[in-house]
Every structure is written in structure tokens, then in C-alpha cells.
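Below you'll find the structure, written out as C-alpha cells, and then a few comments.
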Amino acid sequence: MAVSFVGRSAELGVLRAALADAAAGRPRVVSIEGPSGIGKTALLDALLADVAGDPAVVVLRASGDQDERLIAYGLLGQLAHSADTPSARLLLGTDPAADGERLVDPIRMGARWLEFLDSLAGAVVVLAVDDAHWADRPSLQAVVFALRRLVADRVLAVFTVRTDDAVHLPDSLTRLTAGHMGVTVRLDGLDEDDLRDLAGTVGVDRLTVAAARRLRLGTNGNPLHARALLEEFPVADWPVNRQDDSLLPPPRSFRHLVGQRYAACRPATQAFLDAVAVLGLHAPVWAAAGLAGTDDPVPAVDEATAHDLLRIRQDQGPWSVEFSHPLVRAALYDAIGPARRHALHRAAARIGPDEAAALRHRVAAATGPDEVLAADLTAFAARAQDRFDWKNAAVHLVSASRLSTEPARARCRVLWALVWTLLRGDAAAAADLADEVAAYPAGPLRDLVLGAMAMAAEDPVRAGDLLDRAWAEAGSTAPTADPETGEQLHDVAAAVAVMQAIHQYGRLDAAGTVAWCERALATADVGAGPETSLHEVAVTYLVHGLGYAGRVDESLAAAQAPEALRLWLNPRSARAVLHLIDDEFDSAAALLTQVIGTATRLGILNTAAFSHAYLARTQWMTGDWDDALVNADRAVAINLESDFGFLRSAVVGIAVLVPAARGDWATAESYLRLLPRSHVRYERSVMALGMARARLGEARGRPADVLAALDPVRAFPLRDAADEPGFWAWSDLYSDALVAVGRIEEADRFLVPHERRAEERGRRSARARLARARGRIEQAAGRAAAADAAFGRALELIADVPAPFERARIEFAAGRAMRGWGRRRQAVELLMAARETFGRLGAVPYADRCDTELVEAGLATARAGAPRFDLTSQEQVVARLAAAGLSNRQIAAELVVSIKTVEYHLRNVFAKLGVTSRRQLADRLGPAHTEPS
């Protein structure tokens with residue numbers, strides 16, 4: 001079955017880089033490895049499509065065949081046939097001019113291959129071998145013999161290999177691909193975005209994010225299996241089991257294959273496999289044995305693994321087993337039959353290791369509405385949300401709704417599930433139920449959920465209207481229970497007030513945020529008291545709102561109150577932001593790191609993304625830019641996965657910081673493309689996007705771009721949050737741009753209120769930035785004494801703040817001014833200090849400006865400072881880790897990327913820096929770049 005080529009941009013980039021190396025006379029050998037159906041051949045085809053029709057490229061292609069492995073030189077025969085030249089026919093001794101003796105020795109045949117490749121010396125030769133694991137060994141040995149002797153030949157050899165069959169390859173080929181000529185590209189499953197693209201190729205135009213997530217989980221992202229499933233089963237026909245998303249309908253071909261293997265097993269093994277399929281994708285052996293009714297499960301485990309149906313895991317504690325692929329489990333589960341499945345699930349519920357597992361099996365065994373089970377699921381959800389496990393709470397509430405006997409109560413459970421889903425930032429999961437909720441009767445809880453969905457989609461007008469209507473219905477009601485559902489209306493009112501607070505936070509309305517948080521806290525405490533999840537969320541946004549309003553002491557008091565300290569998650573992230581704006585970077589980083597771990601474990605996606613982003617901003621301030629890149633990229637990835645538009649501008653704006661400052665325009669612009677202007681409507685998002693574009697404009701030396709980016713911010717009607725020093729450092733950027741375009745008096749008037757507020761707050765880095773901006777205004781106005789004093793004040797304020805980039809910006813501005821005033825010695829001293837910092841950070845555009853000023857100051861050796869290289873941001877991160885001694889696998893784990901991506905970046909780094917080893921790389925970068933984090 002042909003599989004459309006989607007995604008794989010990084011992997012294709014590795015192949016293209018290898019082809020470019022080969023074209024430049026650096027022969028390369030690439031092994032593309034992965035399981036069956038993962039897209040190895042499709043990737044190879046995509047590379048060959050690049051060179052199709054190019055007269056400068058000769059493609060020799062062959063494929064191994066399981067039935068022809070014993071035919072010596074069968075593979076070479078295919079290659080010779082694809083070349084169809086006299087020299088190729090001579091390769092096998094088939095030319096009539098040959099001596100008639102068939103060459104069967106791999107060494108002699110390899111020598112002939114060298115001669116043949118010499119005959120093609122004017123072209124780039126691409127040797128493409130599909131399913132190399134099934135090729136005859138003599139052919140592979142002969143090819144390896146030839147490839148090992150290439151030095152400057154324009155040859156690229158690409159082999160596709162099935163992972164499980166790689167053991168059949170000659171050791172010589174394995175060593176070759178692992179050596180200096182070799183690159184191994186290991187293919188993993190496609191991600192959700194790629195699967196959505198794949199769905200489009202088979203006529204499924206709008207596969208939802210949630211459906212793509214299920215497809216990845218159920219197929220391991222295997223494009224062959226995913227395509228077969230999409231073609232055979234419409235998405236609407238997929239079974240709905242919110243407690244077990246991995247269960248998808250197995251394609252017919254997969255059912256047949258698994259059925260054959262299952263039928264070959266003994267009855268005891270079949271019973272064991274049925275038990276494991278009911279228990280899940282993996283299970284303890286003892287639990288499966290108990291469910292299967294066997295005292296000795298070892299023979300069953302042995303037989304099931306021999307048929308590649310199960311894998312055994314014995315690395316941690318007692319044995320457990322897992323299916324070799326999620327679709328194996330789906331096929332077996334589907335084949336069990338309803339009656340036996342029902343009985344097995346009921347039995348599994350009795351032996352379940354915990355309440356959640358028991359409930360899951362009770363749900364799977366349910367044959368109709370069951371209000372008792374629905375009530376148990378709802379009670380479990382209530383306990384889950386109290387311990388901030390909002391994902392589990394939502395899953396159990398939706399399951400409860402499907403078992404409810406009363407429609408009103410079912411709707412209520414779905415709506416509360418969506419409240420917790422949206423509070424944790426998973427708009428993609430919530431979208432699955434959007435149409436259902438829109439059809440519900442009007443009511444405050446429905447309007448609350450629809451308003452929260454509009455907020456997640458960056459639609460503040462619709463969100464505000466719906467939330468206002470929800471409050472009008474719920475907030476004015478005395479604390480009573482809904483007669484239909486039994487729902488406590490004060491809980492609904494508290495939830496509406498919390499969402500209103502988040503909405504006002506997005507509008508940068510500090511006073512509104514505080515007011516709604518206070519209402520939420522008062523309303524929530526009427527019900528269950530101060531230990532609820534809603535109380536915690538309200539405290540979080542109260543801290544944010546008070547900080548935006550400049551009520552710093554009250555904000556800190558709210559963040560450090562006993563209940564806020566006990567509620568360890570969201571208030572800590574808000575407290576970390578307060579530490580960040582007060583230049584307490586170590587404590588901010590420590591708090592954010594704690595929150596990241598907990599939020600990730602609980603699946604609270606918006607908090608995880610927010611904390612990764614603000615940790616990146618903290619590291620941006622402290623000069624740990626490589627680490628900032630990693631955390632910013634993780635923040636963006638989490639946000640894209642959750643499709644939570646409300647937070648996207650904030651995380652993307654922070655992700656732009658390092659690439660922009662380093663002159664990595666392509667990466668910065670790629671982030672900004674995630675934010676179409678038409679989708680950015682909340683004021684907080686407008687601010688974040690404006691600052692990102694302004695940073696890029698400043699780095700490029702384009703003041704008009706800075707003004708265009710920040711003019712909408714200047715027009716905001718509500719000023720407290722936008723102008724509070726430290727939260728949004730935009731005023732110095734705007735003032736500098738006004739000066740650069742000659743609007744000096746306007747810059748003077750603009751800056752005064754910002755300076756006054758910063759002095760009142762006493763935040764040193766904010767005051768230092770504004771003092772630098774004041775110095776530039778005074779310098780442009782010709783008031784040298786005032787400018788000198790402003791620059792001196794900026795340097796004094798920043799001296800004790802560990803913010804190297806900000807300090808270097810001040811040193812550069814002051815040095816440039818002093819050069820203009822003829823104070824050469826002081827100018828050079830400041831410019832050299834700034835140049836050293838910019839060089840160490842890799843801030844290429846800023847280092848270039850220092851070089852220009854130093855040359856103007858008459859310093860001919862301006863470029864002899866810290867080394868500076870034309871590396872992208874990703875290349876700088878990989879280079880630093882490699883120079884610090886990390887292996888490619890360790891780097892991939894650290895950066896959460898594939899090994900092949902690391903290899904691709906390292907190849908570029910080596911080429912750009914003119915080095916050939918990690919030791920040379922470390923020497924070239926110097927000690928400042930080689931210390932591991």
C-alpha cells in the first residue's frame with residue numbers, strides 16, 4: 001500500500017544534507033531504520049523525487065526480498081539493471097567481452113563496484129537499497145567493500161532497514177553506518193499535526209486535534225496503519241471510550257494477521273491474552289494470570305512473546321507484559337466477543353488494584369444507564385478535582401454523563417467536565433464536545449462553558465457576553481441547589497467569577513481581575529471552603545491582578561498566605577512572576593521548576609506551558625540563553641498540543657526573544673507565523689505579540705517596525721497592567737524607536753510617567769532600562785551632561801543585577817554616546833565590555849554594532865574579542881551540549897528531539913566552524929560555551 005508522504009521535514013533535511021555532502025565530494029552512507037509501515041520507503045522516495053530528472057544525478061535502486069535472500073548477488077543484479085550501462089553489465093560478468101567466469105567473491109565483486117563507480121565519476125551517484133535486511137549477504141558485503149574505500153567520491157548510499165530485522169545485516173554495514181561516513185535516521189511515529197495532514201490525503205479534511213491524538217495513541221503514529229484505519233473506518237464510527245483512548249478499530253489486514261498468530265497459540269495462552277487485552281495496553285503478569293484463571297502464567301507469556309503479540313517487562317519489580325503494538329491489543333479485544341468481554345471486565349473490577357481501575361472496568365461492563373455507577377464516578381471526580389487532578393475528574397464526569405438516567409444531570413456532568421478541561425488549558429479536548437454543548441438548553445453553566453471556549457479561542461467579545469450572561473443568572477441567585485440536577489448554584493457562580501477573572505486578566509484590566517477574584521473567593525468559600533480547586537485558581541489570578549495594579553505588597557501577601565502555600569501549584573507560578581519582576585531570578589527559577597514538574601504530571605497544560613515560558617524568560621534575563629531556548633520551545637509545543645489560543649501569544653512572544661537577539665531571523669519568524677494577527681484579540685495577546693515583533697525590529701535595527709508593533713499597546717484604554725514596570729518591558733523599546741526616527745520631544749513626554757512609576761516601585765532592572773532610554777533621549781537632544789548622568793545611573797542600577805544582556809545594552813548605549821563626545825578611552829572600555837557579553841551570548845546583531853562603534857573609535861582589533869559564529873539558535877544549543885561531552889542520544893533526551901535532528905545540526909555546526917571532532921569543537925567554542933547546565 002502506498003503511503004502519502006507527510007511530515008518528516010527534519011528527517012528529509014538529514015537526507016538532503018547527506019546528499020549535499022556527497023555532491024561536494026564527501027561520500028555518505030545513510031541507514032533509515034524503523035518498524036514496518038513507518039514510512040521508510042516514502043522518505044526515500046521523497047529524497048529521490050528531489051533529484052528526478054536531474055542529469056547530474058544517477059540513481060541506482062534495488063530492494064531486498066525475503067524469498068531471494070539466498071540468491072547470491074541478486075541485489076547487485078537489480079542495481080546493474082537499473083543502471084543499464086555496459087560497465088554495469090560487466091559488473092556481474094554478463095558482458096560477452098568478459099571471460100565468462102562468474103565472480104562470486106565479495107571482495108572481487110566489490111573491486112568491480114569501485115571500477116563501476118569510477119566510470120560514473122562525472123555524476124552524483126545515489127545508491128538506494130530498500131529493505132536491506134532482506135538483501136542477499138554477498139551483495140551487501142560487496143557494496144560495503146566498495147563504500148569503505150571511497151574518500152572524495154560523489155556517492156550517497158541509502159539503506160532502509162526494518163528495526164526488528166536489523167540483526168540480519170552484515171556487521172560490516174552496521175559499522176559503516178555508525179562510522180564517520182554514516183548517518184542513522186530512526187523513524188518514529190507521526191505526530192498529531194502530521195496525522196491530520198495524512199488524513200487530508202485520504203479525504204478526511206478536518207480531523208480534530210482530539211481525534212488526531214487518539215489516532216497517534218492507537219497506532220503509535222505509524223502512517224501505514226493510520227492510513228488503513230482512516231480509509232476503512234470513518235472517524236464518526238470510532239468507538240467512544242474516554243477512559244481508554246487507545247482502543248481504535250483495527251484495520252482488516254491487522255485483524256487477520258493478529259488472528260492468525262492468536263489461533264496458533266494454546267488455549268491457555270489465548271485466555272491469558274484475552275485477560276491482558278481487557279486489562280489494558282500493559283498489565284502485571286499476576287493480574288492477568290488471576291483474571292485468566294491460571295496459576296502458572298510463564299508458559300503463556302513465553303508463547304505470546306514468541307508470536308510477537310506481547311513483550312515482557314521485568315526491569316522494575318515483578319513481571320509485567322505489554323502489547324507489541326496498540327492495534328494488537330485492539331484486534332484481540334475486538335475479537336473476544338461481547339459476552340466474554342463483559343464477564344472479564346466484571347471480574348477485573350473485583351480485582352482492580354485501585355478505585356480508578358475498578359471504575360474503568362465497571363464502565364466497560366455496563367450494558368445500559370446506571371445511576372449508581374454514575375454517582376460513584378461523579379464522587380471519584382470530585383475527589384480528583386480536589387487534589388487538582390482535573391484531567392481524571394473530567395474523564396470520569398463524561399463517563400458518568402453517559403450512564404446517567406436523567407438528561408439534566410447528564411448535561412450537568414458534561415459541563416463540569418468541560419470546566420475542568422478548560423481550566424487545565426486543553427481546548428483541543430474540549431472542542432470534541434463543543435457541538436453537543438451548543439445544543440444544550442440555555443443556562444448559566446452552559447454559558448460559562450461556551451464563554452470559556454470563546455476565551456480559549458481568543459474571542460474576547462463573545463467570551464465577555466457569555467460570561468456576563470452566566471453571572472447574571474448564577475451570581476444573583478441565593479446559595480441554593482438546582483431542582484433538576486441538585487447542583488449547588490454557588491459552585492456555578494464561583495466558577496463563573498473565576499472565568500471572569502481570567503477573562504479580565506486577558507484584557508489587561510487589573511482592577512477587573514482583582515474584583516472578580518474577590519467575588520470568586522467569597523462565593524467559593526460559601527460552599528466547600530478555601531481548599532477547593534476554584535479557590536486556588538482565584539488566588540492565582542488575584543496575585544496576578546494585584547501585581548498588575550501595582551499593589552505589590554498585597555500581591556505578595558496573597559501569594560504567601562498559608563492557604564496559597566498549601567495549594568502548591570498555580571499560586572506558586574504567580575509568585576514566581578513576582579520574583580522575576582523584582583529581579584529575584586534564582587527564586588523565580590526554583591518555583592517555576594517545581595511547578596513544571598507537578599503541572600506536567602497532572603496534565604495541567606496551560607500551567608506547564610506558562611511555567612516553561614516564564615522560566616525561559618528568567619533564563620533570558622540571566623543570560624542562560626541555550627536553556628531558555630529549550631524551555632521556550634517546550635512551552636510552544638505544549639501550547640500547540642492543547643490548542644489553547646488564550647496563552648499562545650505569551651509563550652510565542654517569549655520564544656522569540658533569543659532567536660531575535662541572536663539574529664536567527666528564520667527561527668524568530670517561524671514562531672511569529674504561529675500568531676496570525678487576525679487571531680490575536682485579547683489585549684494581553686496583543687501586548688505579547690507586539691513585544692515579540694518589537695524585539696525583532698530592534699535586533700534588526702528597524703525602529704519603524706518597533707513603533708508599528710507597539711503603537712496598538714500605546715492605544716490601550718486601560719493602562720495599569722500595560723505600564724506596570726517589569727511585567728511588560730515595552731516602554732524603553734518604544735522610547736528608543738521614537739528617538740531613532742527623530743521624534744525626540746515625543747519620546748521625552750512618553751517616558752516621564754514610566755520613569756515616575758518605576759521609581760515608585762523601586763525595581764532595579766526596570767529603572768535601569770528606563771535610565772538608558774532617558775540617556776538616549778538626552779543625547780539626541782544635545783544635553784550631554786544630562787545624558788551622561790542618565791547613563792551613569794543606569795550602569796549603577798544594573799551593576800548588582802545578574803542581567804548580562806541588559807547590562808551590555810546599557811554599556812553599548814553609554815559607550816556610543818561617549819565616543820560621540822570624544823571620550824575615547826571610556827567609550828572603548830564600555831564598548832569592549834558590551835562586545836564581550838554580546839559575543840558570549842551569541843547576540844550577533846548587537847555584537848556587530850559594537851564592532852562598528854569600536855572601528856569608529858579607531859580600534860582596529862575590534863573583531864578580536866570573544867568568538868562569534870554564524871550558527872542558528874538550535875545549532876548553538878546542540879554545539880554547547882556536544883562540546884560539554886554529551887552523546888547524541890543524551891543531547892536528544894535533553895532537548896526532547898530525535899537523534900537524527902541532533903546529527904543534522906551537528907553536521908552543520910562542524911561545517912560552519914571547520915572542525916571534525918567534538919574535542920576540536922570544544923576548543924573552538926572556548927570554556928564559556930562548554931560548561932554543561
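Every chain in the C-alpha cells has a letter given in the order shown (A, B, ...), and although residue numbers restart at 1 in each chain, ligands are simply numbered from 1 in the order shown.
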Which residues come within 9 Å of Val543 (chain A), counting only C-alpha atoms, excluding same-chain residues fewer than 2 positions away, as a VMD selection string?
chain A and resid 514 538 to 541 545 to 548 552 554 to 559 571 574 to 575 578
Which residues are close to Ala747 (chain A), i.e. within 12 Å by only C-alpha atoms, leaving aside same-chain residues fewer than 4 positions away? Reply as number ranges by chain.
A: 707, 731-743, 751-754, 770, 773-778, 780-781
Among region 111-226 of chain A, which residues does DSSP mark as strand (DSSP E) when it is run on the backbone? Keep the chain and numbering as in the structure and answer as JSON, numbers by chain.
{"A": [124, 125, 126, 127, 128, 129, 130, 155, 156, 157, 158, 159, 160, 161, 162, 182, 183, 184, 185, 186]}
Those selected residues, please, written with N, CA, C and O atoms and delivered as an mmCIF file, in the first residue's frame.
```cif
data_model
loop_
_atom_site.group_PDB
_atom_site.id
_atom_site.type_symbol
_atom_site.label_atom_id
_atom_site.label_comp_id
_atom_site.auth_asym_id
_atom_site.auth_seq_id
_atom_site.Cartn_x
_atom_site.Cartn_y
_atom_site.Cartn_z
ATOM 1 N N VAL A 124 26.718 12.633 -9.630
ATOM 2 C CA VAL A 124 26.450 12.280 -8.236
ATOM 3 C C VAL A 124 25.679 10.964 -8.260
ATOM 4 O O VAL A 124 24.645 10.851 -8.938
ATOM 5 N N VAL A 125 26.176 9.966 -7.569
ATOM 6 C CA VAL A 125 25.555 8.648 -7.581
ATOM 7 C C VAL A 125 24.762 8.446 -6.290
ATOM 8 O O VAL A 125 25.313 8.605 -5.187
ATOM 9 N N VAL A 126 23.495 8.124 -6.427
ATOM 10 C CA VAL A 126 22.658 7.798 -5.269
ATOM 11 C C VAL A 126 22.348 6.306 -5.353
ATOM 12 O O VAL A 126 21.667 5.850 -6.279
ATOM 13 N N LEU A 127 22.855 5.559 -4.407
ATOM 14 C CA LEU A 127 22.641 4.119 -4.315
ATOM 15 C C LEU A 127 21.530 3.890 -3.292
ATOM 16 O O LEU A 127 21.722 4.113 -2.099
ATOM 17 N N ALA A 128 20.355 3.477 -3.756
ATOM 18 C CA ALA A 128 19.180 3.358 -2.886
ATOM 19 C C ALA A 128 18.786 1.888 -2.765
ATOM 20 O O ALA A 128 18.429 1.253 -3.764
ATOM 21 N N VAL A 129 18.862 1.350 -1.553
ATOM 22 C CA VAL A 129 18.544 -0.050 -1.307
ATOM 23 C C VAL A 129 17.403 -0.123 -0.298
ATOM 24 O O VAL A 129 17.572 0.219 0.871
ATOM 25 N N ASP A 130 16.244 -0.562 -0.766
ATOM 26 C CA ASP A 130 15.077 -0.722 0.106
ATOM 27 C C ASP A 130 15.097 -2.116 0.730
ATOM 28 O O ASP A 130 15.519 -3.087 0.089
ATOM 29 N N VAL A 155 29.231 10.110 -3.839
ATOM 30 C CA VAL A 155 28.345 8.960 -3.703
ATOM 31 C C VAL A 155 27.551 9.074 -2.408
ATOM 32 O O VAL A 155 28.118 9.351 -1.342
ATOM 33 N N LEU A 156 26.257 8.833 -2.535
ATOM 34 C CA LEU A 156 25.379 8.708 -1.364
ATOM 35 C C LEU A 156 24.719 7.341 -1.428
ATOM 36 O O LEU A 156 24.058 7.009 -2.413
ATOM 37 N N ALA A 157 24.897 6.546 -0.393
ATOM 38 C CA ALA A 157 24.236 5.243 -0.294
ATOM 39 C C ALA A 157 23.191 5.307 0.802
ATOM 40 O O ALA A 157 23.484 5.731 1.923
ATOM 41 N N VAL A 158 21.972 4.910 0.484
ATOM 42 C CA VAL A 158 20.872 4.948 1.451
ATOM 43 C C VAL A 158 20.265 3.547 1.542
ATOM 44 O O VAL A 158 19.878 2.959 0.525
ATOM 45 N N PHE A 159 20.186 3.023 2.758
ATOM 46 C CA PHE A 159 19.607 1.714 3.006
ATOM 47 C C PHE A 159 18.405 1.886 3.926
ATOM 48 O O PHE A 159 18.499 2.589 4.942
ATOM 49 N N THR A 160 17.277 1.271 3.591
ATOM 50 C CA THR A 160 16.157 1.240 4.538
ATOM 51 C C THR A 160 16.161 -0.119 5.227
ATOM 52 O O THR A 160 16.360 -1.160 4.584
ATOM 53 N N VAL A 161 15.938 -0.092 6.531
ATOM 54 C CA VAL A 161 16.081 -1.302 7.340
ATOM 55 C C VAL A 161 14.934 -1.375 8.339
ATOM 56 O O VAL A 161 14.656 -0.398 9.054
ATOM 57 N N ARG A 162 14.268 -2.516 8.405
ATOM 58 C CA ARG A 162 13.252 -2.729 9.422
ATOM 59 C C ARG A 162 13.943 -2.998 10.759
ATOM 60 O O ARG A 162 14.833 -3.844 10.846
ATOM 61 N N GLY A 182 28.827 7.646 8.132
ATOM 62 C CA GLY A 182 27.455 7.193 8.290
ATOM 63 C C GLY A 182 26.538 8.120 9.063
ATOM 64 O O GLY A 182 26.967 8.912 9.905
ATOM 65 N N VAL A 183 25.272 8.002 8.765
ATOM 66 C CA VAL A 183 24.193 8.684 9.485
ATOM 67 C C VAL A 183 23.051 7.680 9.637
ATOM 68 O O VAL A 183 22.704 6.988 8.675
ATOM 69 N N THR A 184 22.505 7.571 10.818
ATOM 70 C CA THR A 184 21.347 6.710 11.033
ATOM 71 C C THR A 184 20.121 7.575 11.298
ATOM 72 O O THR A 184 20.130 8.416 12.201
ATOM 73 N N VAL A 185 19.107 7.389 10.489
ATOM 74 C CA VAL A 185 17.845 8.123 10.640
ATOM 75 C C VAL A 185 16.815 7.134 11.181
ATOM 76 O O VAL A 185 16.409 6.206 10.479
ATOM 77 N N ARG A 186 16.440 7.310 12.437
ATOM 78 C CA ARG A 186 15.464 6.412 13.055
ATOM 79 C C ARG A 186 14.085 7.063 13.023
ATOM 80 O O ARG A 186 13.898 8.126 13.588
#
```
Neighbours of region 116-123 of chain A within 6 Å (only C-alpha atoms; same-chain residues fewer than 3 positions away dropped), as number ranges by chain?
A: 56-57, 113
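Between CA of Pro251 (chain A) and CA of Leu327 (chain A) the separation is 8.5 Å.
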Extract the full set of alpha helix (DSSP H) residues from region 676-782 of chain A according to DSSP on the backbone, and format it as a PyMOL selection string.
chain A and resi 683-700+703-714+720-723+731-740+744-761+764-780
Could you name the residues that touch Ala911 (chain A) at 12 Å or less, counting only C-alpha atoms, but leaving out those on the same chain fewer than 3 positions away, as a PyMOL selection string?
chain A and resi 17+20-21+26+869-871+875+879+904-908+914-917+921
Considering only C-alpha atoms, tabulate each residue of region 426-464 of chain A that lies at most 9 Å from region 674-688 of chain A along with its nearest interatomic pair and the corresponding distance in Å to one decimal; arrange the rows by chain and ascending residue number and present them as a Markdown table.
```
| residue | atom | partner | partner_atom | distance |
| --- | --- | --- | --- | --- |
| A:Met455 | CA | A:Tyr682 | CA | 8.7 |
| A:Ala457 | CA | A:His679 | CA | 8.2 |
| A:Glu458 | CA | A:Arg681 | CA | 5.9 |
| A:Asp459 | CA | A:Arg681 | CA | 6.6 |
| A:Pro460 | CA | A:Tyr682 | CA | 6.0 |
```
In Å and to one decimal, CA of Gln874 (chain A) is distant from CA of Ala428 (chain A) by 28.5 Å
I need the residue nearest Ala348 (chain A) from this list: A:Pro441, A:Leu279, A:Asp296, A:Arg148. Use only C-alpha atoms for the distance.
A:Leu279
Pairwise distance, CA of Leu273 (chain A) with CA of Leu332 (chain A), equals 7.7 Å
